[in-house]
file entry28.cif (mmCIF, C-alpha atoms)
data_protein
loop_
_atom_site.label_atom_id
_atom_site.label_comp_id
_atom_site.auth_asym_id
_atom_site.auth_seq_id
_atom_site.Cartn_x
_atom_site.Cartn_y
_atom_site.Cartn_z
CA MET V 1 21.25 25.73 93.29
CA ASN V 2 23.77 28.44 94.06
CA ILE V 3 24.42 30.90 91.32
CA PRO V 4 28.08 31.89 91.27
CA VAL V 5 28.42 35.68 91.31
CA LEU V 6 31.60 36.85 89.64
CA THR V 7 32.57 40.46 90.03
CA ASP V 8 36.23 41.51 89.93
CA ILE V 9 37.21 38.40 87.98
CA LEU V 10 35.08 39.50 85.06
CA ASN V 11 37.08 42.66 84.76
CA ALA V 12 39.43 41.95 81.86
CA ASN V 13 42.04 44.33 83.19
CA ASN V 14 42.22 42.56 86.55
CA LEU V 15 42.55 39.20 84.84
CA LEU V 16 45.45 40.44 82.74
CA ALA V 17 47.02 42.11 85.77
CA GLU V 18 46.96 38.73 87.52
CA GLN V 19 48.68 37.17 84.51
CA ASN V 20 51.33 39.89 84.59
CA ARG V 21 51.90 39.29 88.27
CA LYS V 22 52.30 35.58 87.72
CA ILE V 23 54.99 36.23 85.13
CA LEU V 24 56.77 38.60 87.52
CA ASP V 25 56.61 36.14 90.42
CA GLU V 26 58.03 33.33 88.30
CA LYS V 27 60.90 35.53 87.15
CA LYS V 28 61.37 37.04 90.64
CA ILE V 29 60.95 40.54 89.28
CA TYR V 30 59.68 43.34 91.51
CA MET V 31 57.51 45.97 89.77
CA ILE V 32 56.74 49.49 90.97
CA ASN V 33 53.85 51.49 89.47
CA LEU V 34 54.76 55.17 89.92
CA LEU V 35 51.81 57.57 89.93
CA ALA V 36 51.80 61.37 89.99
CA SER V 37 50.59 64.58 88.36
CA PRO V 38 52.24 65.79 85.17
CA GLY V 39 55.54 67.41 86.06
CA ALA V 40 55.82 66.09 89.62
CA GLY V 41 59.31 64.82 88.78
CA LYS V 42 58.69 61.13 88.05
CA THR V 43 61.39 60.73 85.40
CA THR V 44 64.09 62.46 87.43
CA PHE V 45 63.09 60.36 90.45
CA ILE V 46 63.46 57.16 88.40
CA GLU V 47 66.80 58.33 86.97
CA LYS V 48 68.21 59.00 90.42
CA SER V 49 66.81 55.77 91.88
CA ILE V 50 68.48 53.81 89.08
CA GLU V 51 71.83 55.45 89.84
CA TYR V 52 71.58 54.18 93.42
CA LEU V 53 70.13 50.76 92.62
CA LYS V 54 71.95 49.60 89.53
CA LYS V 55 74.97 48.36 91.47
CA ASP V 56 72.75 45.84 93.26
CA MET V 57 70.20 44.86 90.63
CA SER V 58 69.19 45.02 86.96
CA VAL V 59 66.54 47.64 86.41
CA ALA V 60 64.21 48.22 83.45
CA VAL V 61 61.71 51.02 82.86
CA ILE V 62 58.31 51.15 81.16
CA GLU V 63 57.40 54.71 80.21
CA GLY V 64 53.76 55.71 79.75
CA ASP V 65 52.89 58.92 77.94
CA LEU V 66 50.09 60.24 75.79
CA ALA V 67 52.63 61.15 73.14
CA SER V 68 56.39 61.61 72.57
CA ASP V 69 59.39 59.63 73.73
CA VAL V 70 61.22 62.39 75.63
CA ASP V 71 61.17 60.40 78.87
CA SER V 72 62.38 57.12 77.40
CA GLN V 73 65.20 58.97 75.62
CA ARG V 74 66.31 60.23 79.05
CA ILE V 75 66.25 56.72 80.54
CA LYS V 76 68.08 55.25 77.55
CA LYS V 77 71.07 57.45 78.35
CA LEU V 78 71.51 55.47 81.57
CA ASP V 79 72.06 52.31 79.51
CA ILE V 80 68.93 50.72 80.94
CA PRO V 81 66.33 48.74 78.94
CA VAL V 82 63.28 50.93 78.40
CA VAL V 83 59.95 50.48 76.61
CA GLN V 84 57.86 53.51 75.65
CA ILE V 85 54.08 53.16 75.61
CA ASN V 86 52.16 55.95 73.89
CA THR V 87 48.50 55.83 74.90
CA GLY V 88 47.25 58.28 72.25
CA GLY V 89 44.53 59.98 74.25
CA GLY V 90 44.38 57.44 77.09
CA CYS V 91 44.74 58.84 80.59
CA HIS V 92 46.31 55.73 82.19
CA LEU V 93 48.23 52.56 81.45
CA ASN V 94 46.41 49.23 81.61
CA ALA V 95 47.47 45.63 82.11
CA VAL V 96 47.43 44.70 78.43
CA MET V 97 49.87 47.50 77.62
CA ILE V 98 52.23 46.14 80.28
CA GLN V 99 51.87 42.63 78.86
CA LYS V 100 52.93 44.00 75.46
CA ALA V 101 55.85 45.81 77.09
CA PHE V 102 56.99 42.53 78.71
CA GLU V 103 57.33 41.06 75.20
CA ASN V 104 59.91 43.74 74.48
CA LEU V 105 62.04 43.15 77.57
CA GLU V 106 64.49 40.35 78.37
CA LEU V 107 62.73 39.44 81.58
CA ASP V 108 65.26 36.78 82.58
CA LYS V 109 67.86 39.51 83.03
CA ILE V 110 65.72 41.92 85.08
CA ASN V 111 65.19 42.24 88.85
CA LEU V 112 63.21 45.47 89.08
CA ILE V 113 60.80 47.28 86.74
CA PHE V 114 59.79 50.89 87.25
CA ILE V 115 56.56 51.83 85.48
CA GLU V 116 56.16 55.56 84.96
CA ASN V 117 52.42 55.89 84.53
CA VAL V 118 50.73 58.71 82.59
CA GLY V 119 50.86 61.95 84.59
CA ASN V 120 47.44 61.95 86.22
CA LEU V 121 46.14 61.82 89.80
CA VAL V 122 42.79 60.29 88.86
CA CYS V 123 42.55 57.55 86.22
CA PRO V 124 45.66 55.41 86.87
CA SER V 125 44.54 54.56 90.40
CA GLY V 126 41.73 52.35 89.08
CA TYR V 127 43.90 50.09 86.90
CA ASN V 128 46.03 47.35 88.39
CA LEU V 129 48.97 46.43 86.20
CA GLY V 130 50.19 43.45 88.20
CA GLU V 131 52.61 45.61 90.19
CA ASN V 132 53.98 44.77 93.63
CA MET V 133 53.55 48.34 94.75
CA LYS V 134 51.77 51.52 93.78
CA LEU V 135 54.00 54.45 94.71
CA VAL V 136 52.39 57.89 94.55
CA MET V 137 54.41 61.08 94.27
CA SER V 138 53.31 64.61 95.11
CA SER V 139 55.64 67.56 94.51
CA THR V 140 55.70 70.59 96.77
CA PRO V 141 54.82 73.22 94.09
CA GLU V 142 51.51 71.39 93.59
CA GLY V 143 50.45 72.51 97.06
CA ASP V 144 49.85 70.76 100.37
CA ASP V 145 46.16 70.03 99.69
CA LYS V 146 46.54 67.30 97.08
CA VAL V 147 45.70 64.33 99.33
CA LEU V 148 42.48 66.05 100.37
CA LYS V 149 41.53 66.73 96.75
CA TYR V 150 42.57 63.44 95.10
CA PRO V 151 42.17 60.98 97.98
CA LEU V 152 41.72 57.73 96.07
CA ILE V 153 45.18 57.50 94.53
CA PHE V 154 46.85 58.27 97.87
CA GLN V 155 44.68 55.74 99.67
CA ARG V 156 45.54 52.98 97.21
CA SER V 157 49.30 53.53 97.27
CA ARG V 158 51.76 51.74 99.52
CA ALA V 159 53.80 54.89 100.05
CA MET V 160 53.90 58.58 99.16
CA VAL V 161 57.03 60.39 97.98
CA ILE V 162 56.96 64.14 98.64
CA ASN V 163 59.26 65.45 95.90
CA LYS V 164 60.99 68.83 95.31
CA ILE V 165 61.50 69.62 99.00
CA ASP V 166 64.32 71.97 97.86
CA LEU V 167 61.61 74.38 96.65
CA ILE V 168 59.75 74.66 100.00
CA PRO V 169 61.51 77.96 100.96
CA TYR V 170 59.94 79.61 97.90
CA LEU V 171 56.42 78.26 98.43
CA ASP V 172 53.53 78.46 100.88
CA TYR V 173 53.69 74.79 101.73
CA GLU V 174 53.02 73.05 105.03
CA ILE V 175 54.54 69.60 104.80
CA GLU V 176 52.90 68.53 108.07
CA ARG V 177 49.48 69.20 106.55
CA ILE V 178 49.90 66.78 103.64
CA LYS V 179 51.48 64.16 105.91
CA LYS V 180 48.53 64.37 108.29
CA ASP V 181 46.02 64.10 105.43
CA PHE V 182 47.88 61.09 104.04
CA PHE V 183 47.97 59.16 107.31
CA ASN V 184 44.28 59.99 107.86
CA ILE V 185 43.25 58.04 104.76
CA ASN V 186 46.19 55.62 104.64
CA PRO V 187 47.28 54.86 108.21
CA GLU V 188 49.53 51.98 107.12
CA GLY V 189 51.25 53.97 104.38
CA THR V 190 54.81 55.26 104.42
CA ILE V 191 56.08 58.74 103.53
CA PHE V 192 59.44 59.83 102.11
CA SER V 193 60.36 63.50 101.67
CA LEU V 194 63.14 64.11 99.18
CA SER V 195 64.48 66.11 96.27
CA GLY V 196 65.18 64.39 92.98
CA LYS V 197 67.28 67.40 92.03
CA THR V 198 69.53 67.79 95.10
CA ARG V 199 69.24 64.14 96.31
CA GLU V 200 68.40 65.36 99.82
CA GLY V 201 66.38 62.63 101.58
CA PHE V 202 66.99 60.08 98.84
CA GLU V 203 68.92 57.48 100.82
CA PRO V 204 66.16 56.55 103.29
CA PHE V 205 63.93 55.81 100.32
CA ILE V 206 66.60 53.68 98.63
CA ASP V 207 67.24 51.68 101.81
CA TRP V 208 63.52 51.11 102.23
CA ILE V 209 62.86 50.01 98.65
CA LYS V 210 65.81 47.64 98.80
CA GLY V 211 64.25 46.11 101.92
CA GLU V 212 60.88 45.76 100.20
CA ILE V 213 62.49 44.02 97.23
CA ALA V 214 64.60 41.73 99.44
CA GLY V 215 61.50 40.77 101.43
CA PHE V 216 59.65 39.92 98.23
CA ARG V 217 62.48 37.76 96.90
CA LYS V 218 62.56 35.67 100.07
CA GLU V 219 58.84 34.86 99.81
CA MET Y 1 16.99 58.63 49.22
CA ASN Y 2 19.71 60.23 51.27
CA ILE Y 3 20.37 58.71 54.65
CA PRO Y 4 21.19 61.39 57.20
CA VAL Y 5 24.42 60.55 59.04
CA LEU Y 6 24.52 61.99 62.53
CA THR Y 7 27.82 61.90 64.40
CA ASP Y 8 28.67 64.59 66.93
CA ILE Y 9 25.01 65.42 67.48
CA LEU Y 10 24.41 61.96 68.89
CA ASN Y 11 26.91 62.58 71.63
CA ALA Y 12 24.80 63.43 74.67
CA ASN Y 13 27.50 65.60 76.15
CA ASN Y 14 27.77 67.76 73.05
CA LEU Y 15 24.01 68.18 72.91
CA LEU Y 16 23.93 69.34 76.53
CA ALA Y 17 26.94 71.59 75.94
CA GLU Y 18 25.00 73.28 73.12
CA GLN Y 19 22.06 73.78 75.46
CA ASN Y 20 24.39 75.33 78.04
CA ARG Y 21 25.82 77.65 75.44
CA LYS Y 22 22.36 78.75 74.35
CA ILE Y 23 21.51 79.69 77.94
CA LEU Y 24 24.77 81.63 78.25
CA ASP Y 25 24.24 83.48 74.96
CA GLU Y 26 20.71 84.49 75.94
CA LYS Y 27 21.93 85.80 79.29
CA LYS Y 28 25.05 87.38 77.72
CA ILE Y 29 27.32 85.44 80.06
CA TYR Y 30 30.90 84.60 79.07
CA MET Y 31 32.22 81.26 80.37
CA ILE Y 32 35.86 80.19 80.70
CA ASN Y 33 36.78 76.52 81.15
CA LEU Y 34 40.13 76.49 82.99
CA LEU Y 35 42.21 73.34 82.51
CA ALA Y 36 45.47 72.32 84.21
CA SER Y 37 47.34 69.69 86.19
CA PRO Y 38 46.67 69.33 89.91
CA GLY Y 39 48.47 72.10 91.75
CA ALA Y 40 49.21 74.30 88.73
CA GLY Y 41 47.66 77.23 90.59
CA LYS Y 42 44.15 77.36 89.12
CA THR Y 43 42.36 78.57 92.26
CA THR Y 44 44.91 81.30 93.00
CA PHE Y 45 44.72 82.41 89.36
CA ILE Y 46 40.92 82.65 89.56
CA GLU Y 47 41.11 84.53 92.89
CA LYS Y 48 43.51 87.10 91.46
CA SER Y 49 41.54 87.45 88.21
CA ILE Y 50 38.39 88.15 90.20
CA GLU Y 51 40.14 90.88 92.16
CA TYR Y 52 40.98 92.63 88.89
CA LEU Y 53 37.66 91.97 87.14
CA LYS Y 54 35.02 92.44 89.80
CA LYS Y 55 34.94 96.23 89.44
CA ASP Y 56 33.77 95.83 85.85
CA MET Y 57 31.58 92.73 85.93
CA SER Y 58 29.80 90.18 88.12
CA VAL Y 59 31.77 86.95 88.31
CA ALA Y 60 30.71 83.47 89.46
CA VAL Y 61 32.80 80.32 89.83
CA ILE Y 62 32.03 76.62 89.31
CA GLU Y 63 34.57 74.44 91.13
CA GLY Y 64 35.21 70.88 90.00
CA ASP Y 65 36.98 68.45 92.31
CA LEU Y 66 37.01 64.74 92.99
CA ALA Y 67 36.33 65.45 96.64
CA SER Y 68 36.38 68.26 99.22
CA ASP Y 69 35.27 71.88 99.09
CA VAL Y 70 38.61 73.54 99.93
CA ASP Y 71 38.64 75.52 96.67
CA SER Y 72 35.07 76.77 96.88
CA GLN Y 73 35.66 77.86 100.49
CA ARG Y 74 38.53 80.00 99.17
CA ILE Y 75 36.34 81.59 96.47
CA LYS Y 76 33.49 82.18 98.91
CA LYS Y 77 35.74 84.48 100.94
CA LEU Y 78 35.77 86.86 97.95
CA ASP Y 79 31.99 87.23 98.30
CA ILE Y 80 31.44 85.66 94.88
CA PRO Y 81 28.73 83.08 94.03
CA VAL Y 82 30.33 79.65 93.81
CA VAL Y 83 29.04 76.13 93.14
CA GLN Y 84 31.13 73.10 94.10
CA ILE Y 85 30.87 69.96 91.97
CA ASN Y 86 32.33 66.80 93.46
CA THR Y 87 32.80 64.17 90.77
CA GLY Y 88 33.52 61.26 93.12
CA GLY Y 89 36.04 59.38 91.00
CA GLY Y 90 35.38 61.25 87.75
CA CYS Y 91 38.43 62.78 86.04
CA HIS Y 92 36.61 65.67 84.31
CA LEU Y 93 33.50 67.82 84.43
CA ASN Y 94 30.78 67.25 81.84
CA ALA Y 95 27.99 69.35 80.41
CA VAL Y 96 25.24 67.91 82.59
CA MET Y 97 27.17 68.86 85.73
CA ILE Y 98 27.40 72.43 84.45
CA GLN Y 99 23.67 72.44 83.67
CA LYS Y 100 23.03 71.42 87.29
CA ALA Y 101 25.40 74.13 88.49
CA PHE Y 102 23.46 76.75 86.46
CA GLU Y 103 20.35 75.84 88.47
CA ASN Y 104 22.22 76.96 91.58
CA LEU Y 105 23.32 80.35 90.23
CA GLU Y 106 21.34 83.55 89.67
CA LEU Y 107 22.28 83.76 86.02
CA ASP Y 108 20.52 87.10 85.44
CA LYS Y 109 23.04 88.77 87.72
CA ILE Y 110 26.21 87.21 86.23
CA ASN Y 111 28.48 88.38 83.38
CA LEU Y 112 31.36 85.92 83.65
CA ILE Y 113 31.70 82.32 84.87
CA PHE Y 114 35.04 80.71 85.61
CA ILE Y 115 34.94 76.92 85.61
CA GLU Y 116 37.82 75.33 87.46
CA ASN Y 117 37.91 71.86 85.94
CA VAL Y 118 39.29 68.79 87.74
CA GLY Y 119 43.11 68.94 87.84
CA ASN Y 120 44.01 66.76 84.86
CA LEU Y 121 45.81 67.31 81.55
CA VAL Y 122 44.04 64.46 79.76
CA CYS Y 123 40.33 63.80 80.26
CA PRO Y 124 38.82 67.32 80.48
CA SER Y 125 39.99 68.21 76.96
CA GLY Y 126 37.44 65.81 75.44
CA TYR Y 127 34.34 67.28 77.10
CA ASN Y 128 32.79 70.51 75.92
CA LEU Y 129 30.83 72.25 78.64
CA GLY Y 130 29.33 75.03 76.48
CA GLU Y 131 32.18 77.40 77.30
CA ASN Y 132 33.29 80.35 75.18
CA MET Y 133 36.93 79.50 75.78
CA LYS Y 134 39.12 76.68 76.97
CA LEU Y 135 42.07 78.20 78.83
CA VAL Y 136 44.91 75.83 79.66
CA MET Y 137 47.45 76.55 82.39
CA SER Y 138 50.91 75.03 82.82
CA SER Y 139 53.05 75.94 85.80
CA THR Y 140 56.83 76.20 85.59
CA PRO Y 141 57.64 73.53 88.24
CA GLU Y 142 55.87 70.98 86.03
CA GLY Y 143 58.66 71.36 83.48
CA ASP Y 144 58.93 72.83 80.00
CA ASP Y 145 57.99 69.59 78.18
CA LYS Y 146 54.30 69.47 79.04
CA VAL Y 147 52.99 70.57 75.63
CA LEU Y 148 55.01 67.84 73.98
CA LYS Y 149 53.71 65.21 76.36
CA TYR Y 150 50.04 66.23 76.61
CA PRO Y 151 49.47 67.87 73.20
CA LEU Y 152 45.69 67.50 72.85
CA ILE Y 153 44.66 69.81 75.67
CA PHE Y 154 47.06 72.52 74.51
CA GLN Y 155 45.88 72.20 70.93
CA ARG Y 156 42.24 72.56 71.89
CA SER Y 157 42.69 75.64 74.09
CA ARG Y 158 42.32 79.24 72.96
CA ALA Y 159 45.27 80.33 75.09
CA MET Y 160 47.92 79.02 77.47
CA VAL Y 161 48.80 80.64 80.78
CA ILE Y 162 52.33 79.86 81.99
CA ASN Y 163 51.97 80.23 85.77
CA LYS Y 164 54.50 80.51 88.62
CA ILE Y 165 57.12 82.40 86.61
CA ASP Y 166 58.48 83.65 89.98
CA LEU Y 167 59.91 80.13 90.50
CA ILE Y 168 61.94 80.01 87.26
CA PRO Y 169 65.22 81.04 88.99
CA TYR Y 170 65.03 77.87 91.11
CA LEU Y 171 64.19 75.48 88.25
CA ASP Y 172 65.70 74.08 85.06
CA TYR Y 173 63.03 75.62 82.88
CA GLU Y 174 63.31 77.02 79.37
CA ILE Y 175 60.25 79.14 78.78
CA GLU Y 176 61.09 79.51 75.07
CA ARG Y 177 60.89 75.74 74.66
CA ILE Y 178 57.29 75.43 75.87
CA LYS Y 179 56.25 78.51 73.89
CA LYS Y 180 57.72 77.03 70.72
CA ASP Y 181 56.02 73.67 71.31
CA PHE Y 182 52.70 75.43 71.92
CA PHE Y 183 52.80 77.53 68.74
CA ASN Y 184 53.84 74.42 66.78
CA ILE Y 185 50.56 72.66 67.56
CA ASN Y 186 48.41 75.76 68.10
CA PRO Y 187 49.64 78.51 65.79
CA GLU Y 188 46.59 80.72 66.46
CA GLY Y 189 46.81 80.39 70.23
CA THR Y 190 47.88 83.07 72.67
CA ILE Y 191 50.35 82.80 75.56
CA PHE Y 192 50.49 84.71 78.83
CA SER Y 193 53.35 84.30 81.31
CA LEU Y 194 52.51 85.37 84.84
CA SER Y 195 52.67 84.64 88.53
CA GLY Y 196 49.46 84.21 90.46
CA LYS Y 197 51.46 84.76 93.63
CA THR Y 198 53.41 87.94 92.80
CA ARG Y 199 50.95 89.25 90.13
CA GLU Y 200 53.84 89.78 87.72
CA GLY Y 201 52.51 89.62 84.16
CA PHE Y 202 48.88 89.56 85.26
CA GLU Y 203 47.69 92.83 83.70
CA PRO Y 204 48.26 91.85 80.03
CA PHE Y 205 46.07 88.80 80.65
CA ILE Y 206 43.35 90.89 82.31
CA ASP Y 207 43.34 93.43 79.45
CA TRP Y 208 43.11 90.62 76.93
CA ILE Y 209 40.30 88.72 78.65
CA LYS Y 210 38.33 91.97 79.02
CA GLY Y 211 38.72 92.45 75.27
CA GLU Y 212 37.53 88.90 74.56
CA ILE Y 213 34.47 89.42 76.75
CA ALA Y 214 33.68 92.84 75.24
CA GLY Y 215 33.94 91.36 71.74
CA PHE Y 216 31.54 88.58 72.69
CA ARG Y 217 28.96 90.96 74.15
CA LYS Y 218 28.85 93.07 70.99
CA GLU Y 219 28.06 90.05 68.81
#
call {"tool": "encode", "arguments": {"input": "entry28.cif", "output": "C-alpha cells"}}
result
Amino acid sequence: MNIPVLTDILNANNLLAEQNRKILDEKKIYMINLLASPGAGKTTFIEKSIEYLKKDMSVAVIEGDLASDVDSQRIKKLDIPVVQINTGGGCHLNAVMIQKAFENLELDKINLIFIENVGNLVCPSGYNLGENMKLVMSSTPEGDDKVLKYPLIFQRSRAMVINKIDLIPYLDYEIERIKKDFFNINPEGTIFSLSGKTREGFEPFIDWIKGEIAGFRKE
Amino acid sequence: MNIPVLTDILNANNLLAEQNRKILDEKKIYMINLLASPGAGKTTFIEKSIEYLKKDMSVAVIEGDLASDVDSQRIKKLDIPVVQINTGGGCHLNAVMIQKAFENLELDKINLIFIENVGNLVCPSGYNLGENMKLVMSSTPEGDDKVLKYPLIFQRSRAMVINKIDLIPYLDYEIERIKKDFFNINPEGTIFSLSGKTREGFEPFIDWIKGEIAGFRKE
C-alpha cells in the first residue's frame, strides 16, 4: 500500500496562502508582495506607483511593520484603503495576517493590492502570502553587493527594482555589478532602475506592471 | 517545598552566550555585536575603526552573512584575523556560531572582537552572543523613521551610530527626529553621527569606545 507523503501541503502558511490566492482569483485582484531592506524606499515607491495607476484601477495597500503606523498614515493621505499590520517582534508577514487584512478591505471594489512587507532581506522570502508576484527592491546606498549577500530573496522574486538611482553620483556603486549578480541567480527575472524621489525611470515599470495585471485578468 | 522556576537559564542560546562571555572575561577580550540593516555600512565602519584602533590593541572580526565571503575578504586585506560565518538562510547569528568562531581564533592574542551580524533590524536583537555591547547602526539613506519602526533593536543597544552623514544634503532626513526617537526609548543610550566614507565624526566614537574598553579591562 502506498503511503501518501505530504510535504508543502502540511505547511499551514502555504495552505492559507492558497486560500488567499483563491479569494484574489475569484475577485480578479492582483497582489504584489514588495520586499526590501528597511529604508530602501518601499513606501515612497508605493505612493508614486499609486499616483500613476489610480486612474486605471482601484488600489489598496497592506502595510507591514513591527510597530507604528507612520507608513499607513502616509498612504491614507492618497485617499486609498489601507490596512496596517503590526507584527510586534515578527520579522515578516504571513498568510494569516493577510487573510485578516482582507476582512478589513472591500475586496469587490479593488483591482490591485500592494503589500509592503516588513523591512527585511531574509525572513519574508520564505512566506508565501498568496501574492501574484514577489517584487524585491534594492536601493543604491545599500551597495551593489546585496544580491550576492542575500541571494534567496532575489532568486524568489519576479523582478528587482533598483531604487534611488538619483544618489549614484554620491556613492561607490556599480549598477552593472548588481544586475549581473541578479541575472546569474534569476535568469528569467526583470530589472527596473528608477528613483522614487525624482520619478526618473518610473514609467517603464508602470507600463510593465500594467501589462502583468492585464495578462492576469485575461486568464 | 519551593519549586525552582527556571526561565532564561533554560534558553540554550543564553546559556551558550554566558559561556562565551566567561571565555572573553578570562582572556580580557572586549566584544562588540554590530547590528544594522543590509547596506548600512557595517563593513566600512569596522574597516575604519580598525585603522584607528590597531595601534593600541589587537582586533579580530567575526563576519556573519547568509552567503558569500565578500566582507571577510575585505577585512583580510587589513591583515586582521577574521572568521566568516555563513548562516545559509538564517537571519541572525547565535551564540553557538560564535563559540565555533572562537575555536578558529587565537584568543590569547586578541583584545577586541567586532562581530558584524547579519544585515537585519529584527532577528539579531533577540540573540545574545556573549558580547559586552550591542551597537546598532542606522544610515541616513534609510530614513529618519527607523527607530520608530524597529524599536526593539534600538532599545536593546548601548549606542546608536548614525552613518553616512555625508549624504544628508541629498536626502530628506531630519537627524534630530531620529535622535529624539532614540532617546525616547533608550534614555541611557549614546549617539554618534559619522561618515564611514569621509571619516567625519569618527574620532569621538573612537575615543568613546577606547574608554569603554579601558573601563572593562580595569574591572
call {"tool": "resolve_selection", "arguments": {"input": "entry28.cif", "expression": "the PyMOL selection byres ((chain Y) within 6 of (chain V))", "output": "mmCIF file with C-alpha atoms, in the coordinates of the input"}}
result
data_model
loop_
_atom_site.group_PDB
_atom_site.id
_atom_site.type_symbol
_atom_site.label_atom_id
_atom_site.label_comp_id
_atom_site.auth_asym_id
_atom_site.auth_seq_id
_atom_site.Cartn_x
_atom_site.Cartn_y
_atom_site.Cartn_z
ATOM 1 C CA GLY Y 39 48.470 72.100 91.750
ATOM 2 C CA ALA Y 67 36.330 65.450 96.640
ATOM 3 C CA SER Y 68 36.380 68.260 99.220
ATOM 4 C CA CYS Y 91 38.430 62.780 86.040
ATOM 5 C CA VAL Y 122 44.040 64.460 79.760
ATOM 6 C CA GLU Y 142 55.870 70.980 86.030
ATOM 7 C CA GLY Y 143 58.660 71.360 83.480
ATOM 8 C CA LYS Y 149 53.710 65.210 76.360
#
call {"tool": "residues_around", "arguments": {"input": "entry28.cif", "residues": "stretch 22-33 of chain Y", "least_positions_apart": "2", "cutoff": "8 Å", "atoms": "only C-alpha atoms", "output": "MDAnalysis selection string"}}
result
chainID Y and resid 18:20 35 107:108 110:117 129:135 213 216:217
call {"tool": "atom_distance", "arguments": {"input": "entry28.cif", "atom1": "atom CA of V:Ile46", "atom2": "atom CA of V:Arg21"}}
result
21.3 Å
call {"tool": "resolve_selection", "arguments": {"input": "entry28.cif", "expression": "the PyMOL selection byres ((chain V and resi 53) around 12)", "output": "ChimeraX atom specification"}}
result
/V:46-52,54-60,80,111-114,202-203,205-211,213
call {"tool": "atom_distance", "arguments": {"input": "entry28.cif", "atom1": "atom CA of Y:Arg156", "atom2": "atom CA of Y:Asn186"}}
result
7.9 Å
call {"tool": "residues_near_point", "arguments": {"input": "entry28.cif", "point": "(55.3, 53.2, 101.9)", "cutoff": "8 Å", "atoms": "only C-alpha atoms", "output": "VMD selection string"}}
result
chain V and resid 135 157 to 160 188 to 192
call {"tool": "atom_distance", "arguments": {"input": "entry28.cif", "atom1": "atom CA of V:Val61", "atom2": "atom CA of V:Phe45"}}
result
12.1 Å
call {"tool": "axis_aligned_box", "arguments": {"input": "entry28.cif", "around": "stretch 136-155 of chain V", "padding_each_side": "6 Å", "output": "JSON"}}
result
{"center_x": 48.6, "center_y": 64.5, "center_z": 97.0, "size_x": 26.2, "size_y": 29.5, "size_z": 18.8}
call {"tool": "closest_residue", "arguments": {"input": "entry28.cif", "among": "Y:Glu212, Y:Tyr173, Y:Val83, Y:Phe182", "to": "Y:Val136", "atoms": "all atoms listed in the file"}}
result
Y:Phe182
call {"tool": "decode", "arguments": {"input": "entry28.cif", "residues": "stretch 180-184 of chain V", "atoms": "all heavy atoms", "output": "compact mmCIF listing (two decimals), in the first residue's frame"}}
result
# COMPACT_ATOMS: atom_id res chain seq x y z
N LYS V 180 24.30 42.03 -12.99
CA LYS V 180 24.94 40.76 -13.37
C LYS V 180 24.66 39.68 -12.31
O LYS V 180 24.28 38.55 -12.62
CB LYS V 180 26.45 40.99 -13.53
CG LYS V 180 27.18 39.88 -14.24
CD LYS V 180 28.66 40.18 -14.35
CE LYS V 180 29.45 38.89 -14.36
NZ LYS V 180 30.73 38.98 -13.67
N ASP V 181 24.84 40.07 -11.03
CA ASP V 181 24.59 39.10 -9.95
C ASP V 181 23.14 38.63 -9.96
O ASP V 181 22.85 37.46 -9.70
CB ASP V 181 24.90 39.74 -8.58
CG ASP V 181 26.39 39.93 -8.35
OD1 ASP V 181 27.19 39.29 -9.06
OD2 ASP V 181 26.76 40.72 -7.46
N PHE V 182 22.23 39.56 -10.25
CA PHE V 182 20.80 39.20 -10.25
C PHE V 182 20.50 38.20 -11.36
O PHE V 182 19.87 37.15 -11.12
CB PHE V 182 19.95 40.46 -10.41
CG PHE V 182 18.46 40.20 -10.41
CD1 PHE V 182 17.78 39.95 -9.23
CD2 PHE V 182 17.74 40.20 -11.60
CE1 PHE V 182 16.39 39.72 -9.23
CE2 PHE V 182 16.36 39.97 -11.60
CZ PHE V 182 15.69 39.73 -10.41
N PHE V 183 20.94 38.51 -12.57
CA PHE V 183 20.65 37.60 -13.69
C PHE V 183 21.35 36.24 -13.52
O PHE V 183 20.86 35.23 -14.02
CB PHE V 183 21.02 38.25 -15.02
CG PHE V 183 20.07 39.33 -15.45
CD1 PHE V 183 20.53 40.56 -15.88
CD2 PHE V 183 18.69 39.12 -15.43
CE1 PHE V 183 19.65 41.57 -16.27
CE2 PHE V 183 17.80 40.12 -15.82
CZ PHE V 183 18.29 41.34 -16.24
N ASN V 184 22.48 36.24 -12.81
CA ASN V 184 23.17 34.96 -12.53
C ASN V 184 22.27 34.00 -11.76
O ASN V 184 22.24 32.81 -12.05
CB ASN V 184 24.43 35.21 -11.70
CG ASN V 184 25.66 35.29 -12.55
OD1 ASN V 184 25.64 34.91 -13.72
ND2 ASN V 184 26.74 35.79 -11.98
